[in-house]
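Working notes, structure below.
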Amino acid sequence: GDSVTQMEGPVTLSEEAFLTINCTYTATGYPSLFWYVQYPGEGLQLLLKATKADDKGSNKGFEATYRKETTSFHLEKGSVQVSDSAVYFCALRRDTGRRALTFGSGTRLQVQP
Amino acid sequence: EAQVTQNPRYLITVTGKKLTVTCSQNMNHEYMSWYRQDPGLGLRQIYYSMNVEVTDKGDVPEGYKVSRKEKRNFPLILESPSPNQTSLYFCASSLTWQSNEKLFFGSGTQLSVL
């Protein structure tokens, strides 16, 4: 079945550091890929998405590129802020059948001032 | 304000005592869904509903029931809760089934079954 694997956290960075959170997936066909963010005490919010190979999703300074050859969708940000501290979830969705989202286990990011 | 409202925020109960977690959205969304979040497992879908009176099982439906009698409400029912249902539960909605990546999530319900 479909699956998403993320690097384990927590990831601890200083403010203005470069961020990479790795995500790889297993799925048949051509799924759409997503990053969601969960701030403390809140539900998840869609951060960015990419629907086909080589697409780059971007939002709020975060970017991720859909790499079909490596089945990856790594999240990057050039300069993190304390306000970016949250849990980040990678997810995929096959655009056939019940179109359910399959989530990774989440990676906690802690940014220190 | 557009939102998904879940109640209660925290719930402690005992094995076998029926409970209901309510979910309501004020955005006229067709699609609603329930997830449970467990450490190391991410979010897993319990049930979903594409519209009123249309519900279907997700990945982990055992031990749960849902109903969708009105568009805005999608309650989650645990007829006989067990300790392995201790989890953080999220209700979510989107405008349509086709746009279900643009989910609006509630703030969550932390359930403990003793």
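Ordering of the structure tokens sets the chain letters (A, B, ...), residue numbers begin anew at 1 in every chain, and ligands are numbered from 1 in the order given.
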Contacts of chain A with chain B up to 9 Å, shortest pair per row, only C-alpha atoms, as CSV:
```
residue,atom,partner,partner_atom,distance
A:Glu8,CA,B:Gly40,CA,8.8
A:Phe34,CA,B:Glu101,CA,8.0
A:Gly41,CA,B:Ser107,CA,6.6
A:Glu42,CA,B:Ser107,CA,4.7
A:Gly43,CA,B:Ser107,CA,4.9
A:Leu44,CA,B:Phe105,CA,6.0
A:Gln45,CA,B:Phe104,CA,6.9
A:Leu46,CA,B:Lys102,CA,6.3
A:Lys49,CA,B:Glu101,CA,8.8
A:Phe89,CA,B:Gly42,CA,7.7
A:Arg93,CA,B:Glu101,CA,8.1
A:Asp95,CA,B:Gln98,CA,8.6
A:Arg98,CA,B:Trp97,CA,8.7
A:Arg99,CA,B:Gln98,CA,7.9
A:Ala100,CA,B:Gln45,CA,7.8
A:Leu101,CA,B:Glu101,CA,7.4
A:Thr102,CA,B:Arg44,CA,7.3
A:Phe103,CA,B:Leu43,CA,5.8
A:Gly104,CA,B:Gly42,CA,5.4
A:Ser105,CA,B:Gly42,CA,3.7
A:Gly106,CA,B:Gly42,CA,5.9
```
Residues near Cys90 in chain A, cut-off 9 Å, only C-alpha atoms, skip fewer than 3 positions along chain, as a PyMOL selection string: chain A and resi 4-6+22-24+33-37+73-75+102-107
Selection export as a PDB file, in the first residue's frame, atoms kept: N, CA, C and O atoms:
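Here's the written file out-v7.pdb:
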```
ATOM      1  N   VAL A   4       4.350   6.932   3.476  1.00  0.00           N
ATOM      2  CA  VAL A   4       5.190   8.131   3.486  1.00  0.00           C
ATOM      3  C   VAL A   4       6.156   8.015   4.656  1.00  0.00           C
ATOM      4  O   VAL A   4       5.743   7.722   5.778  1.00  0.00           O
ATOM      5  N   THR A   5       7.417   8.245   4.402  1.00  0.00           N
ATOM      6  CA  THR A   5       8.449   8.137   5.440  1.00  0.00           C
ATOM      7  C   THR A   5       9.125   9.490   5.613  1.00  0.00           C
ATOM      8  O   THR A   5       9.596  10.104   4.652  1.00  0.00           O
ATOM      9  N   GLN A   6       9.145   9.937   6.838  1.00  0.00           N
ATOM     10  CA  GLN A   6       9.794  11.213   7.146  1.00  0.00           C
ATOM     11  C   GLN A   6      10.932  10.994   8.114  1.00  0.00           C
ATOM     12  O   GLN A   6      10.921  10.037   8.891  1.00  0.00           O
ATOM     13  N   ASN A  22      13.420  15.704   5.343  1.00  0.00           N
ATOM     14  CA  ASN A  22      13.327  14.714   4.276  1.00  0.00           C
ATOM     15  C   ASN A  22      12.004  13.974   4.286  1.00  0.00           C
ATOM     16  O   ASN A  22      11.455  13.664   5.340  1.00  0.00           O
ATOM     17  N   CYS A  23      11.530  13.683   3.083  1.00  0.00           N
ATOM     18  CA  CYS A  23      10.306  12.913   2.916  1.00  0.00           C
ATOM     19  C   CYS A  23      10.448  12.045   1.673  1.00  0.00           C
ATOM     20  O   CYS A  23      10.801  12.548   0.603  1.00  0.00           O
ATOM     21  N   THR A  24      10.208  10.755   1.823  1.00  0.00           N
ATOM     22  CA  THR A  24      10.141   9.855   0.680  1.00  0.00           C
ATOM     23  C   THR A  24       8.818   9.114   0.711  1.00  0.00           C
ATOM     24  O   THR A  24       8.191   8.991   1.763  1.00  0.00           O
ATOM     25  N   LEU A  33       1.482  15.330  -3.932  1.00  0.00           N
ATOM     26  CA  LEU A  33       2.266  15.377  -2.699  1.00  0.00           C
ATOM     27  C   LEU A  33       2.020  16.686  -1.965  1.00  0.00           C
ATOM     28  O   LEU A  33       1.835  17.737  -2.598  1.00  0.00           O
ATOM     29  N   PHE A  34       2.054  16.613  -0.641  1.00  0.00           N
ATOM     30  CA  PHE A  34       1.697  17.765   0.185  1.00  0.00           C
ATOM     31  C   PHE A  34       2.605  17.865   1.404  1.00  0.00           C
ATOM     32  O   PHE A  34       3.134  16.859   1.888  1.00  0.00           O
ATOM     33  N   TRP A  35       2.744  19.073   1.893  1.00  0.00           N
ATOM     34  CA  TRP A  35       3.279  19.316   3.228  1.00  0.00           C
ATOM     35  C   TRP A  35       2.223  20.057   4.028  1.00  0.00           C
ATOM     36  O   TRP A  35       1.651  21.058   3.555  1.00  0.00           O
ATOM     37  N   TYR A  36       1.977  19.537   5.245  1.00  0.00           N
ATOM     38  CA  TYR A  36       1.082  20.175   6.185  1.00  0.00           C
ATOM     39  C   TYR A  36       1.889  20.604   7.406  1.00  0.00           C
ATOM     40  O   TYR A  36       2.900  19.992   7.746  1.00  0.00           O
ATOM     41  N   VAL A  37       1.407  21.647   8.094  1.00  0.00           N
ATOM     42  CA  VAL A  37       2.057  22.115   9.310  1.00  0.00           C
ATOM     43  C   VAL A  37       1.031  22.147  10.450  1.00  0.00           C
ATOM     44  O   VAL A  37      -0.125  22.490  10.234  1.00  0.00           O
ATOM     45  N   PHE A  73      10.159  14.287  -1.653  1.00  0.00           N
ATOM     46  CA  PHE A  73       9.477  15.598  -1.626  1.00  0.00           C
ATOM     47  C   PHE A  73      10.003  16.330  -0.389  1.00  0.00           C
ATOM     48  O   PHE A  73       9.280  16.622   0.549  1.00  0.00           O
ATOM     49  N   HIS A  74      11.267  16.658  -0.387  1.00  0.00           N
ATOM     50  CA  HIS A  74      11.920  17.238   0.788  1.00  0.00           C
ATOM     51  C   HIS A  74      11.509  18.698   0.977  1.00  0.00           C
ATOM     52  O   HIS A  74      11.490  19.470   0.014  1.00  0.00           O
ATOM     53  N   LEU A  75      11.261  19.059   2.215  1.00  0.00           N
ATOM     54  CA  LEU A  75      10.862  20.435   2.550  1.00  0.00           C
ATOM     55  C   LEU A  75      12.100  21.247   2.903  1.00  0.00           C
ATOM     56  O   LEU A  75      12.957  20.785   3.675  1.00  0.00           O
ATOM     57  N   THR A 102      -2.585  10.051   2.699  1.00  0.00           N
ATOM     58  CA  THR A 102      -1.727   9.197   3.508  1.00  0.00           C
ATOM     59  C   THR A 102      -0.645  10.078   4.098  1.00  0.00           C
ATOM     60  O   THR A 102       0.118  10.707   3.355  1.00  0.00           O
ATOM     61  N   PHE A 103      -0.577  10.132   5.431  1.00  0.00           N
ATOM     62  CA  PHE A 103       0.343  11.029   6.115  1.00  0.00           C
ATOM     63  C   PHE A 103       1.573  10.274   6.608  1.00  0.00           C
ATOM     64  O   PHE A 103       1.508   9.108   7.002  1.00  0.00           O
ATOM     65  N   GLY A 104       2.690  10.991   6.633  1.00  0.00           N
ATOM     66  CA  GLY A 104       3.853  10.509   7.347  1.00  0.00           C
ATOM     67  C   GLY A 104       3.668  10.730   8.840  1.00  0.00           C
ATOM     68  O   GLY A 104       2.652  11.273   9.280  1.00  0.00           O
ATOM     69  N   SER A 105       4.648  10.329   9.611  1.00  0.00           N
ATOM     70  CA  SER A 105       4.519  10.363  11.072  1.00  0.00           C
ATOM     71  C   SER A 105       4.801  11.736  11.665  1.00  0.00           C
ATOM     72  O   SER A 105       4.633  11.932  12.863  1.00  0.00           O
ATOM     73  N   GLY A 106       5.244  12.672  10.851  1.00  0.00           N
ATOM     74  CA  GLY A 106       5.478  14.030  11.336  1.00  0.00           C
ATOM     75  C   GLY A 106       6.895  14.243  11.843  1.00  0.00           C
ATOM     76  O   GLY A 106       7.532  13.324  12.370  1.00  0.00           O
ATOM     77  N   THR A 107       7.402  15.463  11.667  1.00  0.00           N
ATOM     78  CA  THR A 107       8.725  15.857  12.150  1.00  0.00           C
ATOM     79  C   THR A 107       8.583  17.156  12.927  1.00  0.00           C
ATOM     80  O   THR A 107       8.090  18.152  12.382  1.00  0.00           O
TER      81      THR A 107
END
```
Can you list, as a PyMOL selection string, every residue of range 61-108 of chain A that DSSP puts in strand (DSSP E or B)? chain A and resi 62-65+67+72+75-77+86-93+101-103+107-108
Restricting the output to N, CA, C and O atoms, write the selected residues as a tab-separated table (two decimals), in the first residue's frame.
```
chain	number	residue	atom	x	y	z
A	62	PHE	N	8.84	28.44	2.36
A	62	PHE	CA	9.10	27.00	2.28
A	62	PHE	C	8.97	26.53	0.83
A	62	PHE	O	8.15	27.05	0.08
A	63	GLU	N	9.78	25.54	0.47
A	63	GLU	CA	9.72	24.97	-0.88
A	63	GLU	C	9.89	23.46	-0.80
A	63	GLU	O	10.54	22.95	0.12
A	64	ALA	N	9.32	22.79	-1.79
A	64	ALA	CA	9.55	21.35	-1.94
A	64	ALA	C	9.35	21.00	-3.40
A	64	ALA	O	8.42	21.50	-4.05
A	65	THR	N	10.21	20.13	-3.93
A	65	THR	CA	10.14	19.74	-5.33
A	65	THR	C	9.81	18.26	-5.44
A	65	THR	O	10.42	17.42	-4.77
A	67	ARG	N	10.16	14.94	-6.80
A	67	ARG	CA	11.19	14.20	-7.51
A	67	ARG	C	10.74	12.76	-7.70
A	67	ARG	O	10.81	11.95	-6.77
A	72	SER	N	10.84	11.43	-3.80
A	72	SER	CA	11.07	12.29	-2.64
A	72	SER	C	10.36	13.62	-2.79
A	72	SER	O	10.00	14.04	-3.91
A	75	LEU	N	11.26	19.06	2.21
A	75	LEU	CA	10.86	20.44	2.55
A	75	LEU	C	12.10	21.25	2.90
A	75	LEU	O	12.96	20.79	3.68
A	76	GLU	N	12.20	22.47	2.36
A	76	GLU	CA	13.35	23.33	2.62
A	76	GLU	C	12.90	24.75	2.91
A	76	GLU	O	11.87	25.21	2.41
A	77	LYS	N	13.71	25.42	3.72
A	77	LYS	CA	13.52	26.85	3.94
A	77	LYS	C	14.89	27.46	4.20
A	77	LYS	O	15.68	26.91	4.96
A	86	ALA	N	7.03	23.99	14.86
A	86	ALA	CA	5.77	23.28	14.65
A	86	ALA	C	6.11	21.84	14.29
A	86	ALA	O	7.27	21.45	14.24
A	87	VAL	N	5.07	21.05	14.03
A	87	VAL	CA	5.25	19.70	13.50
A	87	VAL	C	4.86	19.72	12.03
A	87	VAL	O	3.81	20.25	11.66
A	88	TYR	N	5.71	19.15	11.19
A	88	TYR	CA	5.51	19.16	9.75
A	88	TYR	C	5.22	17.74	9.28
A	88	TYR	O	5.93	16.79	9.62
A	89	PHE	N	4.16	17.61	8.48
A	89	PHE	CA	3.72	16.32	7.98
A	89	PHE	C	3.80	16.31	6.45
A	89	PHE	O	3.26	17.19	5.80
A	90	CYS	N	4.44	15.29	5.93
A	90	CYS	CA	4.41	15.04	4.49
A	90	CYS	C	3.25	14.10	4.20
A	90	CYS	O	2.92	13.24	5.03
A	91	ALA	N	2.60	14.27	3.07
A	91	ALA	CA	1.43	13.44	2.75
A	91	ALA	C	1.34	13.23	1.25
A	91	ALA	O	1.85	14.03	0.46
A	92	LEU	N	0.68	12.16	0.87
A	92	LEU	CA	0.40	11.93	-0.54
A	92	LEU	C	-1.07	11.60	-0.72
A	92	LEU	O	-1.75	11.18	0.22
A	93	ARG	N	-1.52	11.78	-1.94
A	93	ARG	CA	-2.89	11.40	-2.28
A	93	ARG	C	-2.91	10.88	-3.69
A	93	ARG	O	-2.46	11.55	-4.62
A	101	LEU	N	-5.88	10.90	1.88
A	101	LEU	CA	-4.54	11.38	2.18
A	101	LEU	C	-3.82	10.36	3.04
A	101	LEU	O	-4.38	9.85	4.01
A	102	THR	N	-2.59	10.05	2.70
A	102	THR	CA	-1.73	9.20	3.51
A	102	THR	C	-0.65	10.08	4.10
A	102	THR	O	0.12	10.71	3.35
A	103	PHE	N	-0.58	10.13	5.43
A	103	PHE	CA	0.34	11.03	6.12
A	103	PHE	C	1.57	10.27	6.61
A	103	PHE	O	1.51	9.11	7.00
A	107	THR	N	7.40	15.46	11.67
A	107	THR	CA	8.73	15.86	12.15
A	107	THR	C	8.58	17.16	12.93
A	107	THR	O	8.09	18.15	12.38
A	108	ARG	N	8.98	17.10	14.19
A	108	ARG	CA	8.89	18.31	15.01
A	108	ARG	C	10.10	19.19	14.76
A	108	ARG	O	11.24	18.73	14.80
```
Skipping near chain neighbours, those fewer than 4 positions away, what residues fall within 8 Å of Thr55 in chain B using only C-alpha atoms, listed as a PDB file with N, CA and C atoms, in the first residue's frame?
```pdb
ATOM      1  N   TYR B  47     -13.178   7.607   9.209  1.00  0.00           N
ATOM      2  CA  TYR B  47     -14.335   7.626   8.323  1.00  0.00           C
ATOM      3  C   TYR B  47     -14.327   8.940   7.563  1.00  0.00           C
ATOM      4  N   TYR B  48     -15.045   8.938   6.452  1.00  0.00           N
ATOM      5  CA  TYR B  48     -15.236  10.176   5.724  1.00  0.00           C
ATOM      6  C   TYR B  48     -16.639  10.234   5.157  1.00  0.00           C
ATOM      7  N   SER B  49     -17.017  11.439   4.749  1.00  0.00           N
ATOM      8  CA  SER B  49     -18.346  11.642   4.184  1.00  0.00           C
ATOM      9  C   SER B  49     -18.236  12.613   3.019  1.00  0.00           C
ATOM     10  N   MET B  50     -18.727  12.195   1.876  1.00  0.00           N
ATOM     11  CA  MET B  50     -18.663  13.054   0.699  1.00  0.00           C
ATOM     12  C   MET B  50     -19.812  14.045   0.658  1.00  0.00           C
ATOM     13  N   ASN B  51     -20.893  13.736   1.377  1.00  0.00           N
ATOM     14  CA  ASN B  51     -22.027  14.654   1.435  1.00  0.00           C
ATOM     15  C   ASN B  51     -23.041  14.085   2.407  1.00  0.00           C
ATOM     16  N   VAL B  66     -20.161   6.748  12.495  1.00  0.00           N
ATOM     17  CA  VAL B  66     -20.399   8.147  12.161  1.00  0.00           C
ATOM     18  C   VAL B  66     -21.801   8.265  11.574  1.00  0.00           C
ATOM     19  N   SER B  67     -22.270   9.502  11.502  1.00  0.00           N
ATOM     20  CA  SER B  67     -23.508   9.790  10.785  1.00  0.00           C
ATOM     21  C   SER B  67     -23.396  11.171  10.155  1.00  0.00           C
ATOM     22  N   ARG B  68     -24.125  11.386   9.094  1.00  0.00           N
ATOM     23  CA  ARG B  68     -24.118  12.701   8.431  1.00  0.00           C
ATOM     24  C   ARG B  68     -25.563  13.021   8.027  1.00  0.00           C
TER      25      ARG B  68
END
```
Quick one, how far is CA of Val82 in chain A from CA of Met7 in chain A?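 CA of Met7 in chain A lies at a distance of 20.4 Å from CA of Val82 in chain A.
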Counting only C-alpha atoms, the residue of A:Pro113, A:Ser79, A:Tyr30, A:Asp84 that sits nearest Ala17 in chain A: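 Counting only C-alpha atoms, the residue closest to Ala17 in chain A is A:Ser79.
In this structure, CA of Leu48 in chain A sits 17.6 Å away from CA of Ser93 in chain B.
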Pick from B:Asn7, B:Phe74, B:Ser87, B:Ser82: nearest to Trp34 in chain B, with only C-alpha atoms counted? B:Phe74
So which one's closest to Gly1 in chain A, A:Thr96, A:Ser83, A:Thr28, A:Thr20? Using only C-alpha atoms, please. A:Thr28
With only C-alpha atoms as the basis for distance, which of B:Glu1, B:Glu70, B:Glu62, B:Glu79 is at the shortest distance from Gly16 in chain B? B:Glu79
